[in-house]
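One file, coords_22.json, carrying JSON, C-alpha atoms and all ligand atoms:
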```json
[["chain", "number", "residue", "atom", "x", "y", "z"],
["H", 85, "MET", "CA", -2.93, 17.58, 15.12],
["H", 86, "ALA", "CA", -0.68, 14.86, 16.52],
["H", 87, "ARG", "CA", 1.02, 12.17, 14.46],
["H", 88, "ILE", "CA", -1.22, 10.15, 12.15],
["H", 89, "ARG", "CA", -2.45, 6.90, 13.69],
["H", 90, "ASN", "CA", -5.13, 5.61, 11.32],
["H", 91, "ILE", "CA", -6.87, 6.23, 8.00],
["H", 92, "ASN", "CA", -9.30, 8.72, 9.58],
["H", 93, "ASP", "CA", -6.34, 10.86, 10.61],
["H", 94, "PHE", "CA", -5.26, 11.08, 6.94],
["H", 95, "ARG", "CA", -8.58, 12.71, 6.04],
["H", 96, "LYS", "CA", -8.53, 14.85, 9.19],
["H", 97, "ALA", "CA", -5.04, 16.15, 8.33],
["H", 98, "LYS", "CA", -6.33, 17.20, 4.92],
["H", 99, "GLN", "CA", -9.39, 18.89, 6.42],
["H", 100, "GLU", "CA", -7.15, 20.76, 8.84],
["H", 101, "LYS", "CA", -4.72, 21.64, 6.02],
["H", 102, "ARG", "CA", -1.93, 19.99, 8.01],
["H", 103, "PRO", "CA", 0.61, 18.51, 5.53],
["H", 104, "ILE", "CA", 1.34, 14.78, 5.94],
["H", 105, "SER", "CA", 4.93, 13.54, 6.03],
["H", 106, "MET", "CA", 5.76, 10.07, 4.78],
["H", 107, "VAL", "CA", 9.06, 8.33, 4.17],
["H", 108, "THR", "CA", 9.97, 4.91, 2.85],
["H", 109, "CYS", "CA", 11.75, 2.47, 5.10],
["H", 110, "TYR", "CA", 13.00, -1.06, 4.62],
["H", 111, "GLU", "CA", 14.79, -1.99, 7.83],
["H", 112, "TYR", "CA", 14.75, -2.06, 11.62],
["H", 113, "GLN", "CA", 17.33, 0.57, 12.58],
["H", 114, "PHE", "CA", 15.92, 3.26, 10.31],
["H", 115, "ALA", "CA", 12.41, 2.39, 11.50],
["H", 116, "ARG", "CA", 13.55, 2.99, 15.08],
["H", 117, "ILE", "CA", 14.99, 6.39, 14.13],
["H", 118, "ILE", "CA", 11.84, 7.37, 12.22],
["H", 119, "ARG", "CA", 9.81, 6.49, 15.30],
["H", 120, "GLU", "CA", 11.92, 8.96, 17.32],
["H", 121, "THR", "CA", 10.91, 11.76, 14.92],
["H", 122, "GLU", "CA", 7.45, 13.14, 14.24],
["H", 123, "ILE", "CA", 7.20, 11.72, 10.71],
["H", 124, "ASP", "CA", 3.60, 10.65, 10.19],
["H", 125, "SER", "CA", 3.92, 7.37, 8.40],
["H", 126, "ILE", "CA", 6.13, 4.82, 6.70],
["H", 127, "LEU", "CA", 5.87, 3.26, 3.27],
["H", 128, "VAL", "CA", 7.64, -0.06, 2.82],
["H", 129, "GLY", "CA", 7.95, 0.67, -0.87],
["H", 130, "ASP", "CA", 8.88, -1.63, -3.70],
["H", 131, "SER", "CA", 11.47, 1.11, -4.32],
["H", 132, "MET", "CA", 13.54, -1.35, -2.27],
["H", 133, "GLY", "CA", 14.21, -2.88, -5.71],
["H", 134, "ASN", "CA", 16.33, 0.17, -6.57],
["H", 135, "ALA", "CA", 17.29, 1.47, -3.14],
["H", 136, "VAL", "CA", 18.27, -1.78, -1.40],
["H", 137, "GLN", "CA", 18.59, -4.50, -4.02],
["H", 138, "GLY", "CA", 20.41, -2.51, -6.73],
["H", 139, "HIS", "CA", 17.98, -3.37, -9.55],
["H", 140, "PRO", "CA", 17.29, -0.82, -12.29],
["H", 141, "THR", "CA", 13.51, -1.21, -11.76],
["H", 142, "THR", "CA", 11.04, -2.27, -9.05],
["H", 143, "ILE", "CA", 9.81, -5.16, -11.16],
["H", 144, "PRO", "CA", 11.90, -7.97, -9.59],
["H", 145, "VAL", "CA", 10.61, -7.25, -6.04],
["H", 146, "THR", "CA", 8.57, -10.15, -4.68],
["H", 147, "LEU", "CA", 5.69, -10.45, -2.23],
["H", 148, "GLU", "CA", 7.95, -12.47, 0.09],
["H", 149, "GLN", "CA", 10.47, -9.60, 0.14],
["H", 150, "ILE", "CA", 7.80, -7.01, 0.93],
["H", 151, "ILE", "CA", 6.51, -9.25, 3.73],
["H", 152, "TYR", "CA", 10.03, -9.76, 5.10],
["H", 153, "HIS", "CA", 10.88, -6.03, 5.10],
["H", 154, "THR", "CA", 7.50, -4.85, 6.39],
["H", 155, "GLU", "CA", 7.73, -7.24, 9.30],
["H", 156, "ILE", "CA", 11.23, -5.91, 10.13],
["H", 157, "VAL", "CA", 10.07, -2.29, 9.88],
["H", 158, "ARG", "CA", 7.06, -3.02, 12.09],
["H", 159, "ARG", "CA", 9.44, -4.37, 14.77],
["H", 160, "GLY", "CA", 11.35, -1.06, 14.73],
["H", 161, "ALA", "CA", 8.22, 1.08, 14.66],
["H", 162, "PRO", "CA", 5.52, -0.83, 16.57],
["H", 163, "ASP", "CA", 3.05, 2.05, 16.72],
["H", 164, "LEU", "CA", 3.51, 3.90, 13.42],
["H", 165, "PHE", "CA", 1.15, 3.84, 10.45],
["H", 166, "ILE", "CA", 2.81, 1.52, 7.93],
["H", 167, "VAL", "CA", 1.76, 1.09, 4.31],
["H", 168, "ALA", "CA", 3.08, -2.02, 2.55],
["H", 169, "ASP", "CA", 3.54, -1.76, -1.20],
["H", 170, "LEU", "CA", 2.03, -4.44, -3.41],
["H", 171, "PRO", "CA", 4.78, -5.61, -5.77],
["H", 172, "PHE", "CA", 4.45, -6.16, -9.51],
["H", 173, "MET", "CA", 2.14, -9.09, -10.35],
["H", 174, "SER", "CA", 0.87, -9.53, -6.79],
["H", 175, "TYR", "CA", -2.46, -7.87, -7.69],
["H", 176, "HIS", "CA", -2.73, -8.40, -11.45],
["H", 177, "VAL", "CA", -3.47, -12.10, -11.94],
["H", 178, "SER", "CA", -6.92, -12.47, -10.37],
["H", 179, "LEU", "CA", -9.01, -11.00, -7.60],
["H", 180, "GLU", "CA", -8.70, -14.23, -5.63],
["H", 181, "ASP", "CA", -4.92, -14.16, -5.88],
["H", 182, "THR", "CA", -4.87, -10.46, -4.91],
["H", 183, "MET", "CA", -7.04, -11.03, -1.84],
["H", 184, "ARG", "CA", -4.85, -13.92, -0.72],
["H", 185, "ASN", "CA", -1.66, -11.87, -1.19],
["H", 186, "CYS", "CA", -3.04, -8.85, 0.66],
["H", 187, "GLY", "CA", -4.40, -11.07, 3.42],
["H", 188, "ARG", "CA", -0.90, -12.47, 3.91],
["H", 189, "LEU", "CA", 0.62, -8.98, 3.95],
["H", 190, "MET", "CA", -1.79, -7.75, 6.61],
["H", 191, "LYS", "CA", -1.68, -10.90, 8.77],
["H", 192, "GLU", "CA", 2.06, -11.60, 8.64],
["H", 193, "THR", "CA", 3.48, -8.07, 8.87],
["H", 194, "GLY", "CA", 1.18, -5.90, 10.95],
["H", 195, "ALA", "CA", 0.90, -3.35, 8.13],
["H", 196, "ASN", "CA", -1.97, -0.87, 8.43],
["H", 197, "ALA", "CA", -2.64, -0.60, 4.71],
["H", 198, "VAL", "CA", -1.47, -1.61, 1.25],
["H", 199, "LYS", "CA", -0.58, 0.52, -1.78],
["H", 200, "LEU", "CA", -1.12, -0.34, -5.41],
["H", 201, "GLU", "CA", -0.27, 1.38, -8.68],
["H", 202, "GLY", "CA", -2.85, 2.19, -11.33],
["H", 203, "GLY", "CA", -6.16, 3.85, -12.08],
["H", 204, "ARG", "CA", -9.46, 2.64, -13.56],
["H", 205, "ASP", "CA", -8.16, -0.88, -14.27],
["H", 206, "PHE", "CA", -7.75, -1.42, -10.52],
["H", 207, "VAL", "CA", -10.90, 0.23, -9.20],
["H", 208, "LYS", "CA", -12.65, -3.13, -8.73],
["H", 209, "THR", "CA", -9.61, -4.48, -6.88],
["H", 210, "VAL", "CA", -9.53, -1.45, -4.57],
["H", 211, "GLY", "CA", -13.26, -1.85, -3.86],
["H", 212, "SER", "CA", -12.87, -5.54, -2.99],
["H", 213, "LEU", "CA", -9.91, -4.90, -0.70],
["H", 214, "VAL", "CA", -11.71, -2.11, 1.12],
["H", 215, "LYS", "CA", -14.76, -4.36, 1.49],
["H", 216, "ALA", "CA", -12.46, -6.93, 3.10],
["H", 217, "SER", "CA", -11.31, -4.21, 5.57],
["H", 218, "ILE", "CA", -7.91, -3.72, 3.93],
["H", 219, "PRO", "CA", -7.21, 0.02, 3.59],
["H", 220, "VAL", "CA", -5.77, 0.95, 0.20],
["H", 221, "MET", "CA", -3.54, 3.81, -0.87],
["H", 222, "GLY", "CA", -3.66, 4.50, -4.62],
["H", 223, "HIS", "CA", -0.75, 5.58, -6.82],
["H", 224, "LEU", "CA", -1.08, 7.59, -10.06],
["H", 225, "GLY", "CA", 1.26, 9.49, -12.35],
["H", 226, "LEU", "CA", 4.57, 7.76, -12.86],
["H", 227, "THR", "CA", 3.84, 4.20, -11.80],
["H", 228, "PRO", "CA", 7.30, 2.58, -11.81],
["H", 229, "GLN", "CA", 5.97, -0.98, -12.20],
["H", 230, "SER", "CA", 4.74, 0.14, -15.67],
["H", 231, "VAL", "CA", 8.11, 1.57, -16.70],
["H", 232, "HIS", "CA", 8.32, -0.62, -19.81],
["H", 233, "LYS", "CA", 4.81, 0.35, -20.91],
["H", 234, "LEU", "CA", 5.47, 4.03, -20.20],
["H", 235, "GLY", "CA", 8.81, 3.96, -21.99],
["H", 236, "GLY", "CA", 10.85, 5.37, -19.11],
["H", 237, "TYR", "CA", 10.72, 7.38, -15.90],
["H", 238, "SER", "CA", 9.20, 10.58, -17.22],
["H", 239, "ILE", "CA", 6.68, 13.13, -15.98],
["H", 240, "GLN", "CA", 3.09, 11.97, -16.53],
["H", 241, "GLY", "CA", -0.01, 14.01, -17.34],
["H", 242, "ARG", "CA", 1.42, 16.82, -19.45],
["H", 243, "GLU", "CA", -0.87, 16.21, -22.43],
["H", 244, "GLU", "CA", -4.52, 17.32, -22.15],
["H", 245, "GLU", "CA", -5.93, 13.82, -22.75],
["H", 246, "LYS", "CA", -3.66, 12.18, -20.14],
["H", 247, "ARG", "CA", -4.44, 14.97, -17.70],
["H", 248, "LYS", "CA", -8.15, 14.29, -18.09],
["H", 249, "ILE", "CA", -7.63, 10.53, -17.62],
["H", 250, "MET", "CA", -5.62, 11.08, -14.42],
["H", 251, "LEU", "CA", -8.29, 13.38, -12.99],
["H", 252, "GLU", "CA", -10.95, 10.74, -13.71],
["H", 253, "ASP", "CA", -8.79, 7.93, -12.30],
["H", 254, "ALA", "CA", -8.18, 9.88, -9.10],
["H", 255, "LYS", "CA", -11.93, 10.38, -8.63],
["H", 256, "MET", "CA", -12.61, 6.69, -9.33],
["H", 257, "LEU", "CA", -10.02, 5.54, -6.78],
["H", 258, "GLN", "CA", -11.57, 7.80, -4.15],
["H", 259, "GLU", "CA", -15.04, 6.46, -4.97],
["H", 260, "ALA", "CA", -13.74, 2.88, -4.74],
["H", 261, "GLY", "CA", -12.64, 3.63, -1.17],
["H", 262, "ALA", "CA", -8.92, 4.47, -1.35],
["H", 263, "PHE", "CA", -7.98, 6.47, 1.76],
["H", 264, "ALA", "CA", -5.11, 8.42, 0.13],
["H", 265, "LEU", "CA", -3.40, 8.75, -3.20],
["H", 266, "VAL", "CA", 0.28, 8.97, -4.14],
["H", 267, "LEU", "CA", 0.97, 11.29, -7.09],
["H", 268, "GLU", "CA", 4.40, 10.65, -8.59],
["H", 269, "MET", "CA", 6.14, 12.88, -11.17],
["H", 270, "VAL", "CA", 3.11, 14.93, -12.13],
["H", 271, "PRO", "CA", 3.10, 18.63, -13.17],
["H", 272, "GLU", "CA", 2.37, 20.83, -10.19],
["H", 273, "SER", "CA", -0.77, 22.30, -11.80],
["H", 274, "LEU", "CA", -2.32, 18.83, -12.28],
["H", 275, "ALA", "CA", -1.39, 17.64, -8.79],
["H", 276, "THR", "CA", -2.95, 20.83, -7.40],
["H", 277, "GLU", "CA", -6.16, 20.26, -9.35],
["H", 278, "ILE", "CA", -6.40, 16.63, -8.21],
["H", 279, "SER", "CA", -5.68, 17.61, -4.60],
["H", 280, "SER", "CA", -8.36, 20.27, -4.50],
["H", 281, "MET", "CA", -10.90, 18.01, -6.22],
["H", 282, "LEU", "CA", -10.47, 15.05, -3.83],
["H", 283, "GLU", "CA", -11.62, 14.63, -0.25],
["H", 284, "ILE", "CA", -8.86, 12.08, 0.40],
["H", 285, "PRO", "CA", -5.32, 13.40, 0.76],
["H", 286, "THR", "CA", -2.76, 13.28, -2.02],
["H", 287, "ILE", "CA", 0.83, 12.42, -1.13],
["H", 288, "GLY", "CA", 3.25, 13.80, -3.69],
["H", 289, "ILE", "CA", 6.67, 12.80, -4.91],
["H", 290, "GLY", "CA", 7.84, 15.06, -7.70],
["H", 291, "ALA", "CA", 4.29, 16.47, -7.78],
["H", 292, "GLY", "CA", 4.92, 19.98, -6.51],
["H", 293, "ARG", "CA", 4.02, 22.06, -3.49],
["H", 294, "HIS", "CA", 0.25, 21.71, -3.25],
["H", 295, "CYS", "CA", -0.28, 18.03, -2.48],
["H", 296, "ASP", "CA", -1.67, 17.25, 0.98],
["H", 297, "GLY", "CA", 1.55, 15.49, 1.94],
["H", 298, "GLN", "CA", 4.94, 14.44, 0.65],
["H", 299, "VAL", "CA", 6.81, 11.15, 0.46],
["H", 300, "LEU", "CA", 10.48, 10.55, -0.29],
["H", 301, "VAL", "CA", 12.63, 7.44, -0.48],
["H", 302, "ILE", "CA", 14.73, 7.35, 2.68],
["H", 303, "THR", "CA", 18.03, 6.57, 0.98],
["H", 304, "ASP", "CA", 17.42, 9.48, -1.42],
["H", 305, "LEU", "CA", 16.60, 12.07, 1.22],
["H", 306, "LEU", "CA", 19.59, 10.96, 3.30],
["H", 307, "GLY", "CA", 21.90, 11.27, 0.28],
["H", 308, "LEU", "CA", 23.20, 7.70, 0.28],
["H", 309, "ASP", "CA", 23.56, 7.56, -3.50],
["H", 310, "ASP", "CA", 25.69, 10.47, -4.73],
["H", 311, "SER", "CA", 24.83, 9.68, -8.37],
["H", 312, "PHE", "CA", 21.04, 10.10, -7.94],
["H", 313, "ASN", "CA", 20.10, 13.78, -8.18],
["H", 314, "PRO", "CA", 16.66, 14.30, -9.76],
["H", 315, "LYS", "CA", 15.11, 17.78, -9.68],
["H", 316, "PHE", "CA", 12.31, 16.82, -7.28],
["H", 317, "LEU", "CA", 14.69, 15.49, -4.64],
["H", 318, "LYS", "CA", 16.03, 17.45, -1.70],
["H", 319, "LYS", "CA", 18.85, 15.75, 0.16],
["H", 320, "TYR", "CA", 18.67, 16.42, 3.89],
["H", 321, "ALA", "CA", 22.00, 14.74, 4.61],
["H", 322, "ASN", "CA", 25.01, 13.40, 2.75],
["H", 323, "LEU", "CA", 25.28, 9.88, 4.12],
["H", 324, "HIS", "CA", 27.38, 8.84, 1.13],
["H", 325, "ARG", "CA", 30.14, 11.21, 2.25],
["H", 326, "THR", "CA", 29.70, 10.45, 5.97],
["H", 327, "VAL", "CA", 29.73, 6.67, 5.57],
["H", 328, "LYS", "CA", 32.64, 6.70, 3.12],
["H", 329, "LYS", "CA", 34.71, 8.91, 5.41],
["H", 330, "ALA", "CA", 33.99, 6.66, 8.42],
["H", 331, "LEU", "CA", 34.94, 3.51, 6.50],
["H", 332, "LYS", "CA", 38.15, 5.10, 5.18],
["H", 333, "THR", "CA", 39.13, 6.18, 8.70],
["H", 334, "TYR", "CA", 38.35, 2.70, 10.05],
["H", 335, "HIS", "CA", 40.56, 1.11, 7.41],
["H", 336, "GLU", "CA", 43.40, 3.58, 8.11],
["H", 337, "GLU", "CA", 43.20, 2.94, 11.84],
["H", 338, "VAL", "CA", 43.16, -0.85, 11.46],
["H", 339, "THR", "CA", 46.13, -0.83, 9.10],
["H", 340, "SER", "CA", 48.08, 1.69, 11.20],
["H", 341, "GLY", "CA", 47.34, -0.10, 14.48],
["H", 342, "ALA", "CA", 45.43, 2.89, 15.96],
["H", 343, "PHE", "CA", 42.33, 0.69, 16.40],
["H", 344, "PRO", "CA", 41.66, -1.10, 18.73],
["H", 345, "ALA", "CA", 42.98, 1.42, 21.27],
["H", 346, "GLU", "CA", 43.39, 1.05, 25.04],
["H", 347, "GLU", "CA", 39.68, 1.88, 25.65],
["H", 348, "ASN", "CA", 38.50, -0.84, 23.28],
["H", 349, "VAL", "CA", 40.35, -3.64, 25.02],
["H", 350, "PHE", "CA", 39.03, -6.08, 27.69],
["H", 351, "LYS", "CA", 41.36, -6.49, 30.69],
["C", 1, "LIG", "O1", 7.94, 2.28, -3.78],
["C", 1, "LIG", "C1", 7.96, 3.44, -3.35],
["C", 1, "LIG", "O2", 8.82, 3.83, -2.56],
["C", 1, "LIG", "C2", 6.93, 4.35, -3.82],
["C", 1, "LIG", "C3", 7.13, 5.81, -3.51],
["C", 1, "LIG", "C4", 8.14, 6.39, -4.40],
["C", 1, "LIG", "C5", 5.85, 6.53, -3.54],
["C", 1, "LIG", "O3", 6.01, 3.95, -4.44]]
```
File written out as structure tokens:
Amino acid sequence: MARIRNINDFRKAKQEKRPISMVTCYEYQFARIIRETEIDSILVGDSMGNAVQGHPTTIPVTLEQIIYHTEIVRRGAPDLFIVADLPFMSYHVSLEDTMRNCGRLMKETGANAVKLEGGRDFVKTVGSLVKASIPVMGHLGLTPQSVHKLGGYSIQGREEEKRKIMLEDAKMLQEAGAFALVLEMVPESLATEISSMLEIPTIGIGAGRHCDGQVLVITDLLGLDDSFNPKFLKKYANLHRTVKKALKTYHEEVTSGAFPAEENVFK
């Protein structure tokens, strides 16, 4: 199967047992590079709160910021499937407010879908969005916007009761019309059970090997932050080291007079 182009392809990938690759992105240049790969889809995640803005949580991220970054990413990846994350409090106040916010996201950014965090409490919201032709990706397990309620960034669904609730929530989100479901920081056995129970694909992050796809935060997988090393993360590059070395060399060459050199000069 070729790269994913629409929500039907998500289901098709699952049926064909072809794992789905997803990565977050927040800016134009990285979007251009992603487009040159075969990565299936992009999430403009509210993880920008941590990864780009330097906040300890995703809570300060605003709808305006998600719109701004999604629009930039769309410019770098005009033909990729882009999911725009709904930030904290953009879908909690009222259905009317939610519809207006999601309408703006879809109209102003060219996103293909939105993602929201939560289970049964948001089933009605998901149903209304889908009815309004806005595809929705769900998100269960560790839902970072609820960090204060959860009491930290810990694995979710270890206890039997919570496991049962997550299984039910996953089913409800599928029935409400979600086209895919992110599972974050969930024991592998639970993620496997949810994945085999659902017809829609699960996209895991810290949810083990048997989800239907995987998502990672781009700055994490590229190793930009040398102090962030959770167990679930694999770093595919060490940009922290590469960028630091380049900047040190630049400084040395400016101060020593080695840069600009003959080839950098206009005659
Ligand atoms: O905001 C985000 O990047 C996310 C992923 C971690 C799934 O929600």
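Interatomic distance, CA of Thr276 (chain H) to CA of Glu201 (chain H): 19.7 Å.
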Check which residues fall inside 10 Å of ligand LIG 1 (chain C) when counting only C-alpha atoms and all ligand atoms, and print them as a PyMOL selection string. chain H and resi 106-110+126-135+142+168-171+199-201+222-224+226-229+265-269+287-290+298-302
For CA of Lys98 (chain H) and CA of Ile284 (chain H), determine how far apart the two atoms are, in Å to one decimal place. 7.3 Å
To one decimal in Å, tell me the separation between CA of Thr182 (chain H) and CA of Cys295 (chain H).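 For CA of Thr182 (chain H) relative to CA of Cys295 (chain H), the distance reads 29.0 Å.
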My list of candidates is H:Arg102, H:Lys329, H:Arg184, H:Lys208. Which is closest to Ile88 (chain H) when distances are computed with only C-alpha atoms?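 Nearest to Ile88 (chain H): H:Arg102.
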Given the point (4.4, 19.5, -12.8) in the coordinates of this file, which residues lie within 9 Å, counting all atoms listed in the file, and how would they look as an NGL selection string? :H and (239-242 or 269-275 or 290-292)
Skipping near chain neighbours, those fewer than 2 positions away, what residues fall within 10 Å of Met173 (chain H) using all atoms listed in the file, listed as a count of residues only? 14
For Ala216 (chain H), the closest of H:Val338, H:Cys186, H:Gly297, H:Lys96 counting only C-alpha atoms is H:Cys186
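Minimum distance to Ala197 (chain H) across H:Thr209, H:Thr286, H:Val220, H:Ala115 (counting all atoms listed in the file) occurs at H:Val220.
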May I have the centre and edge lengths, in Å to one decimal, of an axis-aligned box around the listed atoms of region 224-231 of chain H with 4 Å added to every side, as lines of an AutoDock Vina configuration file?
```
center_x = 3.5
center_y = 4.3
center_z = -13.4
size_x = 17.2
size_y = 18.5
size_z = 14.6
```
At a cut-off of 12 Å from (10.1, -10.2, 6.9) in the coordinates of the file, what residues are picked up using all atoms listed in the file, written as a ChimeraX atom specification? /H:110-112,128,146-159,168,188-189,191-195
